[in-house]
Structures are given as C-alpha cells and as structure tokens.
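Q: Structure: my_file12.txt, compact mmCIF, C-alpha atoms and all ligand atoms.
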# COMPACT_ATOMS: atom_id res chain seq x y z
CA MET O 9 0.00 0.00 0.00
CA ALA O 10 1.31 3.47 -0.87
CA THR O 11 2.44 5.58 2.06
CA PRO O 12 -0.14 8.20 3.06
CA PRO O 13 0.91 11.80 2.60
CA SER O 14 3.45 13.02 5.11
CA GLU O 15 3.00 16.27 6.98
CA THR O 16 6.38 17.31 5.71
CA PRO O 17 6.10 19.39 2.59
CA GLY O 18 8.46 18.67 -0.26
CA HIS O 19 9.08 15.37 -1.92
CA GLY O 20 9.99 13.12 0.93
CA ARG O 21 8.55 9.82 -0.40
CA ALA O 22 11.08 7.15 0.25
CA ALA O 23 12.31 5.11 -2.67
CA ALA O 24 11.34 1.48 -2.89
CA ALA O 25 14.50 -0.39 -3.77
CA PRO O 26 13.89 -2.51 -6.86
CA GLY O 27 16.51 -5.08 -5.92
CA ALA O 28 19.72 -5.45 -4.00
CA GLY O 29 22.00 -2.54 -4.79
CA ALA O 30 20.10 -1.43 -7.89
CA VAL O 31 18.93 2.18 -8.13
CA ASP O 32 15.33 2.59 -9.19
CA PRO O 33 15.54 4.58 -12.46
CA LEU O 34 12.73 6.86 -11.28
CA HIS O 35 14.82 7.84 -8.27
CA GLU O 36 18.02 8.64 -10.09
CA PRO O 37 19.05 12.27 -9.67
CA LEU O 38 18.74 14.55 -12.69
CA ARG O 39 20.40 17.89 -13.26
CA LEU O 40 18.87 20.53 -15.50
CA GLY O 41 21.34 23.41 -15.60
CA ALA O 42 21.42 24.93 -12.12
CA LEU O 43 18.57 22.75 -10.89
CA ALA O 44 19.23 19.41 -9.17
CA LEU O 45 16.25 17.05 -9.04
CA ASP O 46 16.16 13.92 -6.92
CA ARG O 47 13.67 11.92 -8.96
CA ARG O 48 12.37 11.66 -12.47
CA LEU O 49 8.60 11.70 -12.14
CA PHE O 50 7.00 15.14 -12.56
CA MET O 51 3.56 16.73 -12.78
CA ALA O 52 2.97 18.31 -16.18
CA PRO O 53 1.52 21.82 -16.56
CA MET O 54 -2.26 21.77 -17.01
CA ALA O 55 -4.31 24.93 -17.58
CA GLY O 56 -7.21 25.18 -15.15
CA ILE O 57 -5.80 22.35 -13.01
CA THR O 58 -2.25 22.89 -11.73
CA GLY O 59 -2.92 25.73 -9.32
CA LEU O 60 -1.24 25.91 -5.95
CA ALA O 61 -3.54 23.49 -4.09
CA PHE O 62 -3.23 20.85 -6.80
CA ARG O 63 0.55 21.20 -6.97
CA ARG O 64 0.72 20.73 -3.21
CA SER O 65 -1.50 17.67 -3.49
CA VAL O 66 0.72 15.88 -6.04
CA ARG O 67 3.86 16.89 -4.21
CA ARG O 68 2.57 15.23 -1.04
CA TRP O 69 2.51 11.98 -3.00
CA GLY O 70 5.97 12.36 -4.47
CA ALA O 71 5.97 14.58 -7.58
CA GLY O 72 9.62 15.54 -8.02
CA LEU O 73 8.82 18.72 -9.93
CA ALA O 74 5.53 20.47 -10.59
CA PHE O 75 4.62 23.22 -13.01
CA THR O 76 2.27 26.15 -12.88
CA GLU O 77 -0.38 26.13 -15.55
CA MET O 78 0.62 28.10 -18.65
CA ILE O 79 0.82 31.80 -17.84
CA SER O 80 0.43 34.58 -20.40
CA ALA O 81 3.74 36.40 -20.83
CA TYR O 82 1.78 39.46 -21.99
CA GLY O 83 -0.30 39.37 -18.82
CA VAL O 84 2.85 39.26 -16.69
CA HIS O 85 4.60 41.93 -18.74
CA TYR O 86 1.61 44.31 -18.61
CA ARG O 87 0.87 43.47 -14.95
CA ASN O 88 -2.60 42.06 -15.49
CA ARG O 89 -3.90 41.44 -11.97
CA ARG O 90 -5.49 38.05 -12.74
CA THR O 91 -2.33 36.89 -14.51
CA LEU O 92 -0.07 37.98 -11.66
CA ASP O 93 -2.13 35.75 -9.34
CA TYR O 94 -0.75 32.75 -11.26
CA LEU O 95 2.75 33.69 -10.08
CA ALA O 96 1.82 32.96 -6.46
CA CYS O 97 3.71 30.00 -5.05
CA GLY O 98 4.28 28.63 -1.59
CA PRO O 99 7.60 28.35 0.26
CA ASP O 100 6.97 24.58 0.40
CA GLU O 101 6.62 24.32 -3.36
CA HIS O 102 10.15 23.89 -4.58
CA PRO O 103 11.26 22.73 -7.05
CA LEU O 104 8.65 24.48 -9.16
CA GLY O 105 8.59 25.24 -12.87
CA PHE O 106 6.72 28.27 -14.23
CA GLN O 107 5.37 27.83 -17.72
CA LEU O 108 4.94 30.86 -19.98
CA PHE O 109 3.23 31.25 -23.31
CA GLY O 110 3.58 34.07 -25.76
CA ALA O 111 5.01 34.93 -29.16
CA ASP O 112 7.15 38.00 -28.52
CA ALA O 113 10.74 37.35 -27.45
CA SER O 114 11.23 40.55 -25.45
CA VAL O 115 7.87 40.18 -23.65
CA LEU O 116 8.68 36.56 -22.81
CA ALA O 117 12.16 37.55 -21.62
CA ASP O 118 10.74 40.16 -19.26
CA ALA O 119 8.06 37.75 -18.01
CA ALA O 120 10.66 35.03 -17.40
CA ALA O 121 12.77 37.37 -15.26
CA ARG O 122 9.63 38.15 -13.23
CA CYS O 123 8.93 34.44 -12.81
CA VAL O 124 12.42 33.97 -11.38
CA ALA O 125 11.86 36.87 -8.99
CA ALA O 126 8.56 35.22 -7.96
CA GLY O 127 10.30 31.95 -7.06
CA ALA O 128 10.60 29.88 -10.25
CA ASP O 129 13.25 27.14 -10.15
CA LEU O 130 12.77 26.56 -13.88
CA VAL O 131 11.08 28.44 -16.71
CA ASP O 132 9.33 26.38 -19.35
CA LEU O 133 8.20 27.87 -22.64
CA ASN O 134 4.97 26.53 -24.08
CA MET O 135 5.34 25.61 -27.74
CA ALA O 136 2.76 22.85 -27.42
CA CYS O 137 -0.65 24.37 -26.76
CA PRO O 138 -2.99 23.58 -29.68
CA MET O 139 -5.91 25.79 -28.56
CA ARG O 140 -7.11 28.18 -31.25
CA LYS O 141 -7.10 31.26 -29.04
CA VAL O 142 -3.39 30.65 -28.30
CA VAL O 143 -2.22 29.44 -31.71
CA LYS O 144 -3.86 32.33 -33.56
CA THR O 145 -1.61 34.76 -31.67
CA GLY O 146 1.49 32.91 -32.92
CA ALA O 147 2.09 31.32 -29.50
CA GLY O 148 1.94 27.70 -28.29
CA ALA O 149 2.26 25.03 -30.99
CA ALA O 150 2.24 27.72 -33.72
CA LEU O 151 5.89 28.35 -32.85
CA LEU O 152 6.78 24.91 -34.21
CA GLY O 153 5.98 26.36 -37.63
CA ASP O 154 8.41 29.25 -37.03
CA PRO O 155 11.74 27.71 -35.96
CA ASP O 156 13.62 31.03 -36.28
CA GLY O 157 11.10 32.82 -34.07
CA ALA O 158 11.05 29.94 -31.60
CA ALA O 159 14.85 29.88 -31.33
CA ALA O 160 14.96 33.67 -30.90
CA ILE O 161 12.48 33.37 -28.01
CA VAL O 162 14.58 30.72 -26.28
CA ALA O 163 17.76 32.79 -26.71
CA ALA O 164 16.06 35.90 -25.31
CA VAL O 165 14.64 34.06 -22.29
CA VAL O 166 17.93 32.27 -21.57
CA GLY O 167 19.64 35.67 -21.65
CA ALA O 168 17.05 37.19 -19.32
CA VAL O 169 17.34 34.54 -16.60
CA GLU O 170 21.16 34.77 -16.65
CA GLY O 171 21.78 31.13 -15.76
CA ARG O 172 19.87 31.38 -12.47
CA VAL O 173 17.34 28.76 -13.60
CA PRO O 174 17.16 26.35 -16.52
CA VAL O 175 14.95 27.23 -19.46
CA THR O 176 13.08 24.32 -21.00
CA VAL O 177 10.60 24.10 -23.87
CA LYS O 178 7.49 21.95 -24.15
CA ILE O 179 6.68 20.90 -27.69
CA ARG O 180 4.32 18.67 -29.65
CA SER O 181 5.54 16.14 -32.21
CA GLY O 182 4.26 18.40 -34.96
CA LEU O 183 1.42 20.56 -36.13
CA ARG O 184 -0.50 17.92 -38.05
CA GLU O 185 -0.35 14.26 -38.90
CA GLY O 186 2.84 13.33 -40.73
CA ASP O 187 4.77 16.56 -40.20
CA GLU O 188 7.85 16.40 -38.00
CA ALA O 189 7.92 20.04 -36.96
CA GLY O 190 8.68 19.14 -33.33
CA ARG O 191 11.65 16.99 -34.19
CA ARG O 192 12.95 19.52 -36.73
CA THR O 193 12.60 22.50 -34.40
CA ALA O 194 13.97 20.90 -31.21
CA PRO O 195 17.69 21.05 -32.18
CA ARG O 196 17.28 24.77 -32.86
CA LEU O 197 15.79 25.28 -29.39
CA VAL O 198 18.69 23.41 -27.80
CA ALA O 199 21.24 25.38 -29.83
CA ALA O 200 19.55 28.55 -28.52
CA GLY O 201 20.09 27.41 -24.93
CA ALA O 202 17.20 25.16 -23.87
CA ALA O 203 18.38 22.96 -20.99
CA ALA O 204 15.82 20.26 -21.76
CA VAL O 205 12.97 19.55 -24.12
CA CYS O 206 9.63 18.27 -22.84
CA ILE O 207 7.68 16.47 -25.51
CA HIS O 208 4.03 15.57 -25.72
CA PRO O 209 4.15 13.48 -28.88
CA ARG O 210 0.70 14.08 -30.23
CA THR O 211 0.33 16.54 -33.09
CA ALA O 212 -1.38 19.85 -32.39
CA SER O 213 -4.27 18.89 -34.67
CA GLN O 214 -4.71 15.70 -32.65
CA MET O 215 -5.26 17.86 -29.56
CA TYR O 216 -5.54 15.24 -26.76
CA ARG O 217 -7.05 12.40 -28.81
CA GLY O 218 -5.50 9.07 -29.71
CA ARG O 219 -2.28 7.67 -28.33
CA ALA O 220 0.93 9.62 -27.77
CA ASP O 221 3.59 8.42 -30.24
CA HIS O 222 6.61 7.93 -28.02
CA ALA O 223 8.69 6.68 -30.95
CA VAL O 224 9.12 10.44 -31.49
CA THR O 225 10.23 10.86 -27.86
CA PHE O 226 12.85 8.15 -28.26
CA ALA O 227 14.12 9.54 -31.56
CA LEU O 228 14.51 12.99 -29.97
CA ALA O 229 16.23 11.53 -26.92
CA ALA O 230 18.74 9.83 -29.20
CA GLU O 231 19.35 13.00 -31.21
CA LEU O 232 19.47 15.77 -28.62
CA PRO O 233 22.40 16.52 -26.31
CA VAL O 234 20.04 17.58 -23.49
CA PRO O 235 17.50 15.62 -21.40
CA VAL O 236 14.19 14.85 -23.06
CA ILE O 237 11.18 14.77 -20.73
CA ALA O 238 8.25 12.64 -21.85
CA SER O 239 4.55 13.47 -21.47
CA GLY O 240 1.59 11.47 -22.69
CA ASP O 241 -0.41 8.45 -21.56
CA VAL O 242 1.62 7.74 -18.43
CA ASP O 243 -0.86 5.78 -16.34
CA GLY O 244 1.33 3.59 -14.17
CA ARG O 245 4.78 2.35 -13.31
CA ALA O 246 5.20 0.16 -16.40
CA ALA O 247 4.52 3.09 -18.73
CA ALA O 248 6.89 5.37 -16.78
CA LEU O 249 9.71 2.82 -16.76
CA ALA O 250 9.26 2.04 -20.46
CA LEU O 251 9.77 5.72 -21.26
CA LEU O 252 12.96 5.91 -19.21
CA GLU O 253 14.14 2.67 -20.77
CA GLY O 254 13.55 4.13 -24.23
CA GLY O 255 15.77 7.11 -23.48
CA ALA O 256 13.56 9.73 -21.81
CA ALA O 257 15.36 11.45 -18.94
CA ALA O 258 12.16 11.97 -16.95
CA VAL O 259 8.44 11.39 -17.21
CA MET O 260 5.44 13.61 -16.52
CA LEU O 261 1.98 12.61 -15.37
CA ALA O 262 -0.97 14.67 -16.58
CA ARG O 263 -4.61 13.56 -16.95
CA HIS O 264 -4.06 10.32 -15.08
CA ALA O 265 -3.03 12.22 -11.93
CA VAL O 266 -6.18 14.38 -11.84
CA GLY O 267 -8.31 12.92 -9.05
CA HIS O 268 -5.57 10.36 -8.51
CA PRO O 269 -2.61 12.23 -6.97
CA TRP O 270 -1.48 9.10 -5.11
CA LEU O 271 -0.54 7.70 -8.54
CA PHE O 272 2.84 9.32 -7.89
CA ALA O 273 3.39 7.14 -4.83
CA GLU O 274 2.06 4.05 -6.58
CA ILE O 275 4.54 4.56 -9.42
CA LEU O 276 7.53 5.67 -7.35
CA CYS O 277 7.12 3.03 -4.66
CA ASN O 278 5.63 0.29 -6.84
CA ALA O 279 2.89 0.17 -4.24
CA GLU O 280 -0.80 -0.62 -3.99
CA PRO O 281 -3.18 2.36 -3.75
CA PRO O 282 -3.38 3.92 -0.28
CA SER O 283 -6.24 3.07 2.06
CA HIS O 284 -9.67 4.60 1.53
CA GLU O 285 -9.16 6.70 4.68
CA ALA O 286 -5.87 8.08 3.38
CA ARG O 287 -7.41 8.92 -0.01
CA LEU O 288 -10.41 10.61 1.58
CA ALA O 289 -8.09 12.60 3.85
CA GLU O 290 -6.25 13.78 0.73
CA VAL O 291 -9.52 14.79 -0.97
CA ARG O 292 -10.50 16.82 2.10
CA ARG O 293 -7.11 18.46 2.38
CA PHE O 294 -6.95 19.39 -1.29
CA THR O 295 -10.52 20.67 -1.18
CA GLY O 296 -9.81 22.79 1.89
CA GLU O 297 -6.65 24.27 0.36
CA ALA O 298 -8.37 25.01 -2.95
CA MET O 299 -11.22 26.75 -1.11
CA GLU O 300 -8.82 28.73 1.04
CA GLY O 301 -6.75 29.87 -1.93
CA MET O 302 -9.50 30.47 -4.48
CA GLY O 303 -12.54 31.50 -2.45
CA ALA O 304 -15.83 31.31 -4.38
CA ARG O 305 -14.00 30.39 -7.62
CA SER O 306 -13.09 27.06 -6.01
CA VAL O 307 -16.65 25.74 -6.48
CA GLY O 308 -16.36 25.60 -10.27
CA TYR O 309 -12.71 24.53 -10.12
CA LEU O 310 -13.46 21.59 -7.83
CA ARG O 311 -16.28 20.35 -10.09
CA GLN O 312 -13.54 19.12 -12.43
CA PHE O 313 -12.32 16.82 -9.70
CA TRP O 314 -15.42 15.12 -8.27
CA PRO O 315 -15.98 12.76 -11.25
CA ARG O 316 -12.25 11.98 -11.25
CA TYR O 317 -12.22 11.14 -7.56
CA ARG O 318 -15.24 8.97 -8.21
CA ARG O 319 -13.41 7.14 -10.99
CA ALA O 320 -10.46 6.67 -8.63
CA GLY O 321 -12.85 4.96 -6.21
CA VAL O 322 -12.67 7.46 -3.37
CA LEU O 323 -16.12 9.04 -3.76
CA ASP O 324 -19.25 7.00 -4.39
CA LYS O 325 -21.72 7.93 -7.12
CA GLU O 326 -24.21 9.69 -4.81
CA LEU O 327 -21.58 11.78 -3.06
CA ALA O 328 -19.87 12.79 -6.33
CA HIS O 329 -23.27 13.76 -7.75
CA ALA O 330 -24.20 15.79 -4.66
CA LEU O 331 -20.83 17.57 -4.78
CA MET O 332 -21.41 18.49 -8.43
CA LEU O 333 -24.64 20.18 -7.36
CA ALA O 334 -23.22 21.87 -4.27
CA PRO O 335 -23.91 25.60 -4.73
CA ASP O 336 -21.09 26.91 -2.59
CA ALA O 337 -18.02 25.97 -0.59
CA PRO O 338 -19.80 25.45 2.77
CA ALA O 339 -22.21 22.99 1.11
CA ALA O 340 -19.33 21.03 -0.41
CA ARG O 341 -17.50 21.05 2.92
CA ALA O 342 -20.55 19.68 4.71
CA LEU O 343 -20.94 16.89 2.15
CA LEU O 344 -17.32 15.88 2.66
CA GLY O 345 -17.66 15.97 6.44
CA MET O 346 -15.11 18.77 6.75
C1 LIG C 401 -7.04 20.16 -19.40
C2 LIG C 401 -5.61 20.16 -19.89
C3 LIG C 401 -4.85 21.31 -19.74
C4 LIG C 401 -3.53 21.34 -20.20
N1 LIG C 401 -2.79 22.47 -20.04
C5 LIG C 401 -1.49 22.50 -20.45
C6 LIG C 401 -0.69 23.66 -20.23
O1 LIG C 401 -1.12 24.67 -19.67
N2 LIG C 401 0.59 23.62 -20.66
C7 LIG C 401 1.12 22.51 -21.29
O2 LIG C 401 2.28 22.52 -21.67
N3 LIG C 401 0.39 21.41 -21.48
C8 LIG C 401 -0.89 21.37 -21.07
N4 LIG C 401 -1.62 20.23 -21.23
C9 LIG C 401 -0.98 19.02 -21.78
C10 LIG C 401 -0.43 18.14 -20.65
O3 LIG C 401 0.62 18.78 -19.96
C11 LIG C 401 0.09 16.81 -21.20
O4 LIG C 401 1.22 17.06 -22.01
C12 LIG C 401 -0.95 16.07 -22.03
O5 LIG C 401 -2.20 16.04 -21.37
C13 LIG C 401 -0.49 14.63 -22.34
O6 LIG C 401 -0.40 13.86 -21.19
P1 LIG C 401 -1.55 12.77 -20.79
O7 LIG C 401 -1.84 11.97 -22.03
O8 LIG C 401 -0.89 12.00 -19.69
O9 LIG C 401 -2.72 13.58 -20.34
C14 LIG C 401 -2.95 20.18 -20.81
C15 LIG C 401 -3.74 19.04 -20.95
C16 LIG C 401 -5.05 19.02 -20.52
C17 LIG C 401 -5.85 17.76 -20.69
Take the structure in the file and give it back as structure tokens.
A:
Amino acid sequence: MATPPSETPGHGRAAAAPGAGAVDPLHEPLRLGALALDRRLFMAPMAGITGLAFRRSVRRWGAGLAFTEMISAYGVHYRNRRTLDYLACGPDEHPLGFQLFGADASVLADAAARCVAAGADLVDLNMACPMRKVVKTGAGAALLGDPDGAAAIVAAVVGAVEGRVPVTVKIRSGLREGDEAGRRTAPRLVAAGAAAVCIHPRTASQMYRGRADHAVTFALAAELPVPVIASGDVDGRAAALALLEGGAAAVMLARHAVGHPWLFAEILCNAEPPSHEARLAEVRRFTGEAMEGMGARSVGYLRQFWPRYRRAGVLDKELAHALMLAPDAPAARALLGM
C-alpha cells in the first residue's frame, strides 16, 4: 500500500529499492542546468488544473517537480492582476517550474525574469498548446511552424534569466499528422540554450485524442544533447519505466493524476493504492486548500475533480453527484464531512 501523505512538505517519499544494490531509475538524480532534481517523475503543466492546491497535493505523494499552468507572458509583462495571481507559489513548493506562453521574445524575456523573482526554479516555454485562441496569436504550438522565431524566443529568455534557472521548452511532435515540426525544431531550441525539451508526442491537430507516439520521444532523446522529458499516456509504473528505458530522462503525469494524486506514490514506490481513509483525507485536504486559496471560484474549479475522484474509487456515485450540485463551498464542505 502506498504511504499516506506526510506532513512534511516537499518530496519526501522514500524510494522502494527494486533489488539489492540497484537504483530505481525513477529515483536517479537529474540535473537541468542549475537545478538538481532527486527523482524523475513530474507533474505536467495543465491549464485550469495545476494551481497551488493541486501542486501541493501531487507533491505530497511524491511529484519531483511540478509546473504552474501556462501563464500569459503578456499578462505578466503588462501586470494584469489576474495573470499575476498565477505567479503565487508557496515556500513549500520547490522545485517548481513556471510555464509561460507568448510569441514576442522581449515580452517573454521580461516575463521570465519576473517568474524567477517570484520563485521559479525553472522556466518552461509553451510551444505545445494547440488551442485556437493561443495558436492564432502565434504562440503555443504555432511556434513549431516558425523555428527562427522559436529559437529567438529561447535565446532571449535564456539571456534574461542569466543562468539562475534552466529554461526548458514543451513541444508537440508536430502541427499535423505526418509533419515532423517538433523533431525539426527541437535542435534549434537546444542550440539557442534550452536545458531540456519536454515532448508531448501528439500533433497539435490531434489535440488530446489518440495515443501519444513515443517513438518520437525516443528519436529525440537519441538526437538531442540535453534531457528529453516525456509526457503522454503515463498511467502507471510500467509506462513510466518504459519511457525511461527508451531514453527519456524523466516522465510527466498529466490527466491520469487528476483525481488520482497518489498515482505518484504508486509509481515511485511500486505500491498498492493507499487506504480509503488516506485517499479521503487527501480529498478533504486538497478541497480545503483550494477553497482557502480560491474562495468562491473554487466551487467551479473543484467540479472538475469530483468525477475523477469517483473514478479513482474514493467518492461514491451519490456523493460525487451531490458535490457536483453543491452551490457553494460550505455545502461542499458539509458533504465531505469537513
Ligand atoms: C485540461 C488540460 C490542460 C492542459 N494544459 C497544459 C498547459 O497549460 N501547458 C502545457 O504545456 N500542457 C498542457 N496540457 C498538456 C499536458 O501537460 C500533457 O502534455 C498532455 O495532457 C499529455 O499527457 P496525458 O496523455 O498523460 O494527459 C494540458 C492538458 C489538458 C488535458
């Protein structure tokens, strides 16, 4: 059974030794520029999900690195109040990556410097987002179609952070089926100073459908002189280990960890799921922290999680349904016995 969350913040999950003397590949240290990481299982950035309470939740179960959701570089640069809220991070949250999106090198450079001042241990540049409202501005996956512009952005951001934190880039395999824009652009990003490349090997036109094609991940890992971090379809220990075996330097969980944060402990410790009591305690703690941090906005935010917690077996159908209908935070608290 996976160890229940410790009271100690940080990533204190103990490694389960795979065999006498052998080091579990997921627990091998990894260095990205100035940043030393003690394990190779991370939480990927997810817009609308990876706020502070969620990042704390996955870290309790062993995430070795977590990311903010993607943050608009323009919003940071022009001091948009709502955007600046995304820069909030806790003292217990390190190591933490801040992910930025944008299309203008000088705006991204300024925003990256502000992320470092706000506590970033790593700055990741989003060249993966396929959403129309992002791509139409030339940001996200659109940058894979503009290798010169993408490389100029990396160079500007690397210059702005002055070696204090590593700059990484998250890419897709390409823009549409059959094109290799990700693989073609990645060497340019590395030449411009990227300390690692995170790849989600679906094409932008695929959005989140179908299977991730990790043959692309392995090809990139063989070609690039920097670590390649794999994202896509990691649902358990076998999938995580297969990616490391194939050449990925680290692995990120995404959708499979939503409503299932203890998946980190299950993978890292090769353990059974935690007890029902431990899972319910985690749901209550996450809920309480989300409510505390987000106020009334937490009601809509948390609605994304109730069906997921139900699927993970911690809430029954009636309770999940009642939580979906809860009009406000006190009602949800009461339903959860908090
Ligand atoms: C709701 C949602 C929001 C996401 N937001 C981001 C984001 O802000 N930045 C990013 O780089 N990737 C984002 N992603 C992509 C994930 O980080 C991840 O690469 C992708 O979901 C593939 O992993 P999976 O198959 O394990 O879910 C998002 C994915 C989803 C489903």
Q: Taking into account only C-alpha atoms and all ligand atoms, which residue in the set O:His102, O:Arg210, O:Arg341, O:Arg293 is nearest to ligand LIG 401 (chain C)?
A: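 Of O:His102, O:Arg210, O:Arg341, O:Arg293, the one nearest ligand LIG 401 (chain C), counting only C-alpha atoms and all ligand atoms, is O:Arg210.
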Q: Tell me which of O:Gly240, O:Pro53, O:Pro335, O:Gly157 sits closest to O:Ser181, counting all atoms listed in the file.
A: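 Ranked by minimum distance to O:Ser181, first place goes to O:Gly240.
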Q: Nearest to ligand LIG 401 (chain C): which of O:Tyr309, O:Trp270, O:Tyr317, O:Phe75 is it, counting only C-alpha atoms and all ligand atoms?
A: O:Phe75
Q: If I take atom CA of O:Leu43 and atom CA of O:Pro103, how far is one from the other in Å, to one decimal?
A: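 These two atoms are separated by 8.3 Å.
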Q: Any idea what's packed within 12 Å of O:Arg192, counting all atoms listed in the file, ignoring anything in its chain fewer than 6 positions away? Could you give it as a ChimeraX atom specification?
A: /O:151-156,158-159,179-183,198,224,227-228,231-232
Q: So that I have them on file, write out the residues from the current selection with C-alpha atoms, as a CSV table (one decimal), in the frame of the given file.
A:
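What ended up in again18.csv:
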chain,number,residue,atom,x,y,z
O,151,LEU,CA,5.9,28.4,-32.8
O,152,LEU,CA,6.8,24.9,-34.2
O,153,GLY,CA,6.0,26.4,-37.6
O,154,ASP,CA,8.4,29.2,-37.0
O,155,PRO,CA,11.7,27.7,-36.0
O,156,ASP,CA,13.6,31.0,-36.3
O,158,ALA,CA,11.0,29.9,-31.6
O,159,ALA,CA,14.8,29.9,-31.3
O,179,ILE,CA,6.7,20.9,-27.7
O,180,ARG,CA,4.3,18.7,-29.6
O,181,SER,CA,5.5,16.1,-32.2
O,182,GLY,CA,4.3,18.4,-35.0
O,183,LEU,CA,1.4,20.6,-36.1
O,198,VAL,CA,18.7,23.4,-27.8
O,224,VAL,CA,9.1,10.4,-31.5
O,227,ALA,CA,14.1,9.5,-31.6
O,228,LEU,CA,14.5,13.0,-30.0
O,231,GLU,CA,19.4,13.0,-31.2
O,232,LEU,CA,19.5,15.8,-28.6
Q: Excluding O:Arg48 and its own-chain neighbours fewer than 5 positions away, which residues fall within 12 Å of it when counting only C-alpha atoms? Please give them as an MDAnalysis selection string.
A: chainID O and resid 19 23 32:40 70:74 235:238 248:249 251:252 256:261 272 275:276
Q: Taking into account all atoms listed in the file, which residue in the set O:Val84, O:Cys206, O:Val242, O:Cys97 is nearest to O:Thr176?
A: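 Distance minimum relative to O:Thr176 lands on O:Cys206.
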Q: Which residues, written as a list in words, have at least one atom at most 12 Å from O:Pro281, with all atoms listed in the file counted and residues fewer than 4 positions away on the same chain left out?
A: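 Non-adjacent residues within range: Met9, Ala10, Thr11, Pro12, Trp69, Gly244, His268, Pro269, Trp270, Leu271, Phe272, Ala273, Glu274, Ile275, Leu276, Cys277, Glu285, Ala286, Arg287, Ala320, Gly321 and Val322 of chain O.
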Q: Give me the residues of chain O that have any atom at most 6 Å from an atom of ligand LIG 401 (chain C); for each, the nearest atom pair and the distance in Å, rounded to one decimal. Use all atoms listed in the file, sort by chain and number, and format it as a Markdown table.
A:
| residue | atom | partner | partner_atom | distance |
| --- | --- | --- | --- | --- |
| O:Ala52 | CA | C:LIG401 | O3 | 4.5 |
| O:Pro53 | CA | C:LIG401 | N2 | 4.6 |
| O:Met54 | CA | C:LIG401 | N1 | 3.2 |
| O:Ala55 | CA | C:LIG401 | N1 | 3.8 |
| O:Glu77 | CA | C:LIG401 | O1 | 4.4 |
| O:Met78 | CA | C:LIG401 | O1 | 4.0 |
| O:Asn134 | CA | C:LIG401 | O2 | 5.4 |
| O:Ala136 | CA | C:LIG401 | O2 | 5.8 |
| O:Lys178 | CA | C:LIG401 | O2 | 5.8 |
| O:His208 | CA | C:LIG401 | O4 | 4.9 |
| O:Ser239 | CA | C:LIG401 | O4 | 4.9 |
| O:Gly240 | CA | C:LIG401 | O6 | 3.5 |
| O:Asp241 | CA | C:LIG401 | O7 | 3.8 |
| O:Val242 | CA | C:LIG401 | O8 | 5.1 |
| O:Leu261 | CA | C:LIG401 | O8 | 5.2 |
| O:Ala262 | CA | C:LIG401 | O8 | 4.1 |
| O:Arg263 | CA | C:LIG401 | O9 | 3.9 |
| O:His264 | CA | C:LIG401 | O8 | 5.8 |
Q: Work out where the centre of an axis-aligned box around every listed atom of stretch 221-231 of chain O lies and how long its edges are once 8 Å is added on each side; give both in Å to one decimal as AutoDock Vina command-line options.
A:
--center_x 11.5 --center_y 9.8 --center_z -29.2 --size_x 31.8 --size_y 22.3 --size_z 20.6
Q: Of the candidates O:Ile79, O:Ala250, O:Val66, O:Leu323, which shows the shortest atom-to-atom distance to O:Asp93, using only C-alpha atoms?
A: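 Distance minimum relative to O:Asp93 lands on O:Ile79.
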Q: What is the distance, in Å and to one decimal place, between atom CA of O:Glu188 and atom CA of O:Val266?
A: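 Computing the Euclidean distance for atom CA of O:Glu188 and atom CA of O:Val266 yields 29.8 Å.
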